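Raw start.csv, CSV, C-alpha atoms:
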```csv
chain,number,residue,atom,x,y,z
A,415,MET,CA,86.0,114.8,98.3
A,416,VAL,CA,88.7,112.2,97.9
A,417,SER,CA,90.4,111.4,101.2
A,418,ASN,CA,93.6,113.2,102.1
A,419,ILE,CA,95.1,110.2,103.8
A,420,THR,CA,95.0,108.0,100.6
A,421,LYS,CA,98.7,108.9,99.9
A,422,ASP,CA,99.7,107.7,103.3
A,423,VAL,CA,97.7,104.5,102.9
A,424,ILE,CA,99.0,103.6,99.5
A,425,LEU,CA,102.5,104.9,99.9
A,426,PRO,CA,103.7,104.3,103.5
A,427,LYS,CA,107.3,104.7,104.4
A,428,TYR,CA,109.4,101.5,103.9
A,429,GLY,CA,110.0,101.0,107.6
A,430,ASP,CA,106.2,101.2,108.3
A,431,THR,CA,105.2,98.9,105.5
A,432,ALA,CA,105.1,95.7,107.5
A,433,ASP,CA,103.0,97.4,110.2
A,434,THR,CA,100.5,99.0,107.8
A,435,ILE,CA,100.2,96.6,104.9
A,436,ILE,CA,97.1,94.8,106.2
A,437,TYR,CA,95.8,97.3,108.8
A,438,THR,CA,92.0,97.0,108.4
A,439,PRO,CA,91.1,100.7,108.6
A,440,SER,CA,93.7,101.5,106.0
A,441,ILE,CA,92.3,98.9,103.6
A,442,LYS,CA,88.8,100.2,104.3
A,443,VAL,CA,89.9,103.8,103.7
A,444,LEU,CA,91.5,102.7,100.4
A,445,ILE,CA,88.3,101.0,99.3
A,446,GLU,CA,86.2,104.0,100.3
A,447,THR,CA,88.5,106.4,98.5
A,448,LEU,CA,88.5,104.3,95.3
A,449,GLN,CA,84.7,104.2,95.6
A,450,GLU,CA,84.5,108.0,95.9
A,451,ILE,CA,86.6,108.3,92.7
A,452,ILE,CA,84.3,105.9,90.9
A,453,ASP,CA,81.2,107.8,92.0
A,454,LEU,CA,82.5,111.3,91.2
A,455,LYS,CA,81.1,112.7,87.9
A,456,ASN,CA,83.7,115.4,87.4
A,457,VAL,CA,86.7,112.9,87.3
A,458,TYR,CA,88.3,111.8,84.1
A,459,LYS,CA,86.7,108.6,82.7
A,460,ASN,CA,90.1,107.0,82.6
A,461,ALA,CA,90.7,107.7,86.4
A,462,ARG,CA,87.3,106.2,87.2
A,463,SER,CA,87.9,103.1,85.2
A,464,GLN,CA,91.4,102.7,86.8
A,465,ALA,CA,89.9,103.1,90.2
A,466,LEU,CA,87.3,100.4,89.3
A,467,GLY,CA,90.0,98.1,88.2
A,468,VAL,CA,92.0,98.6,91.4
A,469,ILE,CA,89.0,98.1,93.6
A,470,LYS,CA,88.2,94.9,91.9
A,471,LYS,CA,91.7,93.6,92.4
A,472,VAL,CA,91.8,94.7,96.1
A,473,LEU,CA,88.5,93.1,96.8
A,474,SER,CA,89.6,89.6,95.6
A,475,PHE,CA,90.6,86.7,97.8
A,476,ASP,CA,93.9,86.4,95.9
A,477,SER,CA,94.8,89.9,96.9
A,478,VAL,CA,94.1,89.3,100.5
A,479,VAL,CA,96.2,86.2,100.6
A,480,SER,CA,99.0,88.0,98.8
A,481,LEU,CA,98.9,90.9,101.2
A,482,LEU,CA,99.1,88.6,104.2
A,483,PHE,CA,101.9,86.7,102.7
A,484,ILE,CA,103.8,89.9,101.9
A,485,LYS,CA,103.2,91.2,105.4
A,486,ASN,CA,104.8,88.0,106.8
A,487,ILE,CA,107.9,88.5,104.6
A,488,MET,CA,108.0,92.3,105.3
A,489,TYR,CA,108.4,91.7,109.0
A,490,LYS,CA,111.5,89.5,108.4
A,491,ILE,CA,112.9,91.9,105.9
A,492,LYS,CA,112.3,94.9,108.2
A,493,THR,CA,114.1,93.2,111.0
A,494,LEU,CA,117.0,92.3,108.7
A,495,THR,CA,117.2,95.9,107.3
A,496,GLU,CA,117.3,97.4,110.8
A,497,LYS,CA,120.1,95.1,111.9
A,498,LEU,CA,122.1,95.7,108.7
A,499,GLU,CA,121.8,99.4,109.2
A,500,ALA,CA,123.5,99.2,112.6
A,501,ILE,CA,126.8,101.2,112.7
A,502,GLU,CA,128.6,98.6,114.8
A,503,LEU,CA,127.8,95.7,112.4
A,504,ASN,CA,130.8,94.1,110.8
A,505,ILE,CA,130.8,92.3,107.5
A,506,ILE,CA,130.9,88.8,109.0
A,507,ASP,CA,127.9,89.4,111.1
A,508,ALA,CA,126.1,91.0,108.1
A,509,LEU,CA,126.8,87.8,106.0
A,510,MET,CA,125.5,85.6,108.9
A,511,LEU,CA,122.3,87.7,109.2
A,512,ILE,CA,121.7,87.4,105.5
A,513,ASP,CA,122.3,83.7,105.5
A,514,TYR,CA,119.9,83.3,108.5
A,515,SER,CA,117.3,85.4,106.7
A,516,ILE,CA,117.6,83.2,103.6
A,517,ALA,CA,117.2,80.1,105.7
A,518,SER,CA,114.2,81.6,107.5
A,519,LEU,CA,112.4,82.5,104.3
A,520,THR,CA,113.2,79.0,102.8
A,521,GLU,CA,111.8,77.4,106.0
A,522,MET,CA,108.7,79.6,105.8
A,523,ASN,CA,108.1,78.4,102.3
A,524,LYS,CA,108.2,74.8,103.4
A,525,ASP,CA,106.0,75.2,106.5
A,526,ASP,CA,102.6,73.9,105.6
A,527,VAL,CA,101.1,74.6,109.1
A,528,SER,CA,102.0,78.3,108.8
A,529,MET,CA,100.7,78.4,105.2
A,530,ASN,CA,97.4,76.9,106.4
A,531,TYR,CA,97.2,79.4,109.2
A,532,LEU,CA,97.9,82.2,106.7
A,533,VAL,CA,95.1,81.0,104.4
A,534,SER,CA,92.7,80.7,107.4
A,535,SER,CA,93.6,84.3,108.4
A,536,ALA,CA,93.0,85.4,104.9
A,537,ILE,CA,89.5,83.8,104.9
A,538,THR,CA,88.7,85.6,108.2
A,539,PHE,CA,90.0,89.0,106.9
A,540,SER,CA,88.1,88.5,103.6
A,541,GLY,CA,84.9,88.0,105.6
A,542,GLN,CA,85.5,91.4,107.3
A,543,LEU,CA,85.8,93.0,103.9
A,544,GLY,CA,82.8,91.2,102.5
A,545,ILE,CA,84.9,89.1,100.1
A,546,ASP,CA,83.8,85.6,99.2
A,547,PRO,CA,87.0,83.4,99.6
A,548,ILE,CA,85.7,80.8,97.1
```

As structure tokens, the full file:
Amino acid sequence: MVSNITKDVILPKYGDTADTIIYTPSIKVLIETLQEIIDLKNVYKNARSQALGVIKKVLSFDSVVSLLFIKNIMYKIKTLTEKLEAIELNIIDALMLIDYSIASLTEMNKDDVSMNYLVSSAITFSGQLGIDPI
């Protein structure tokens, strides 16, 4: 039977996204659920082929790097969103927060050391999933 927690793994609430996007058990549950769909004989052929396509994409090194990069960005956006939602925030402070966030994301894009660390983390995580990073 297809896992009941798949919906929560694939569609987390926005505020939880940064925390759950690369949570190892969630990814493993997603992979197991997709494999169950592929293995079921009473599932529409189209659903099985779509599950196969998704699992191939999830189990690629590019996907792992992308997930880690998105996780990094999501933490920054989550913090910005929480601060922008504050009732006591005035327009000037909001503009300053947005400017700071833009500068932070731009700096992140230029930081080779952080990017190298991200790729190293992706290689390690790929190994845990049995993905060849090359």

Practice task
Would you work out the distance separating CA of Phe483 in chain A from CA of Lys442 in chain A, expressed in Å to one decimal?
Solution key: 18.9 Å

Which residues come within 10 Å of Asn486 in chain A, counting all atoms listed in the file, excluding same-chain residues fewer than 3 positions away, as a short mmCIF file (atom, residue, chain, number, x, y, z; two decimals) with C-alpha atoms, in the coordinates of the input?
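Final output, saved to around_0.cif:
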```cif
data_model
loop_
_atom_site.label_atom_id
_atom_site.label_comp_id
_atom_site.auth_asym_id
_atom_site.auth_seq_id
_atom_site.Cartn_x
_atom_site.Cartn_y
_atom_site.Cartn_z
CA ALA A 432 105.10 95.70 107.50
CA ILE A 435 100.20 96.60 104.90
CA SER A 480 99.00 88.00 98.80
CA LEU A 481 98.90 90.90 101.20
CA LEU A 482 99.10 88.60 104.20
CA PHE A 483 101.90 86.70 102.70
CA TYR A 489 108.40 91.70 109.00
CA LYS A 490 111.50 89.50 108.40
CA ILE A 491 112.90 91.90 105.90
CA LEU A 519 112.40 82.50 104.30
CA MET A 522 108.70 79.60 105.80
CA LEU A 532 97.90 82.20 106.70
#
```

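Between CA of Asp476 in chain A and CA of Ser463 in chain A the separation is 20.7 Å.
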
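Put simply, CA of Val533 in chain A is 11.9 Å away from CA of Ile548 in chain A.
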
Exercise for the section: Name all residues at most 8 Å from Gln449 in chain A (count all atoms listed in the file; drop same-chain ones fewer than 6 positions away) and give them as a PyMOL selection string. Expected result: chain A and resi 465-466+469

Exercise for the section: Please provide the set of residues having any atom within 9 Å of range 506-512 of chain A, restricted to all atoms listed in the file, with same-chain residues fewer than 6 positions apart removed, written as a PyMOL selection string. Expected result: chain A and resi 494+497-498

Exercise for the section: Find the spatial neighbours of Val479 in chain A, counting only C-alpha atoms, within a cut-off of 9 Å - ignore same-chain residues fewer than 4 positions away - and output them as a PyMOL selection string. Expected result: chain A and resi 474-475+483-484+532-533+535-537+540

Would you mind exporting C-alpha atoms of the selected residues as a CSV table (one decimal), in the frame of the given file?
```csv
chain,number,residue,atom,x,y,z
A,474,SER,CA,89.6,89.6,95.6
A,475,PHE,CA,90.6,86.7,97.8
A,483,PHE,CA,101.9,86.7,102.7
A,484,ILE,CA,103.8,89.9,101.9
A,532,LEU,CA,97.9,82.2,106.7
A,533,VAL,CA,95.1,81.0,104.4
A,535,SER,CA,93.6,84.3,108.4
A,536,ALA,CA,93.0,85.4,104.9
A,537,ILE,CA,89.5,83.8,104.9
A,540,SER,CA,88.1,88.5,103.6
```
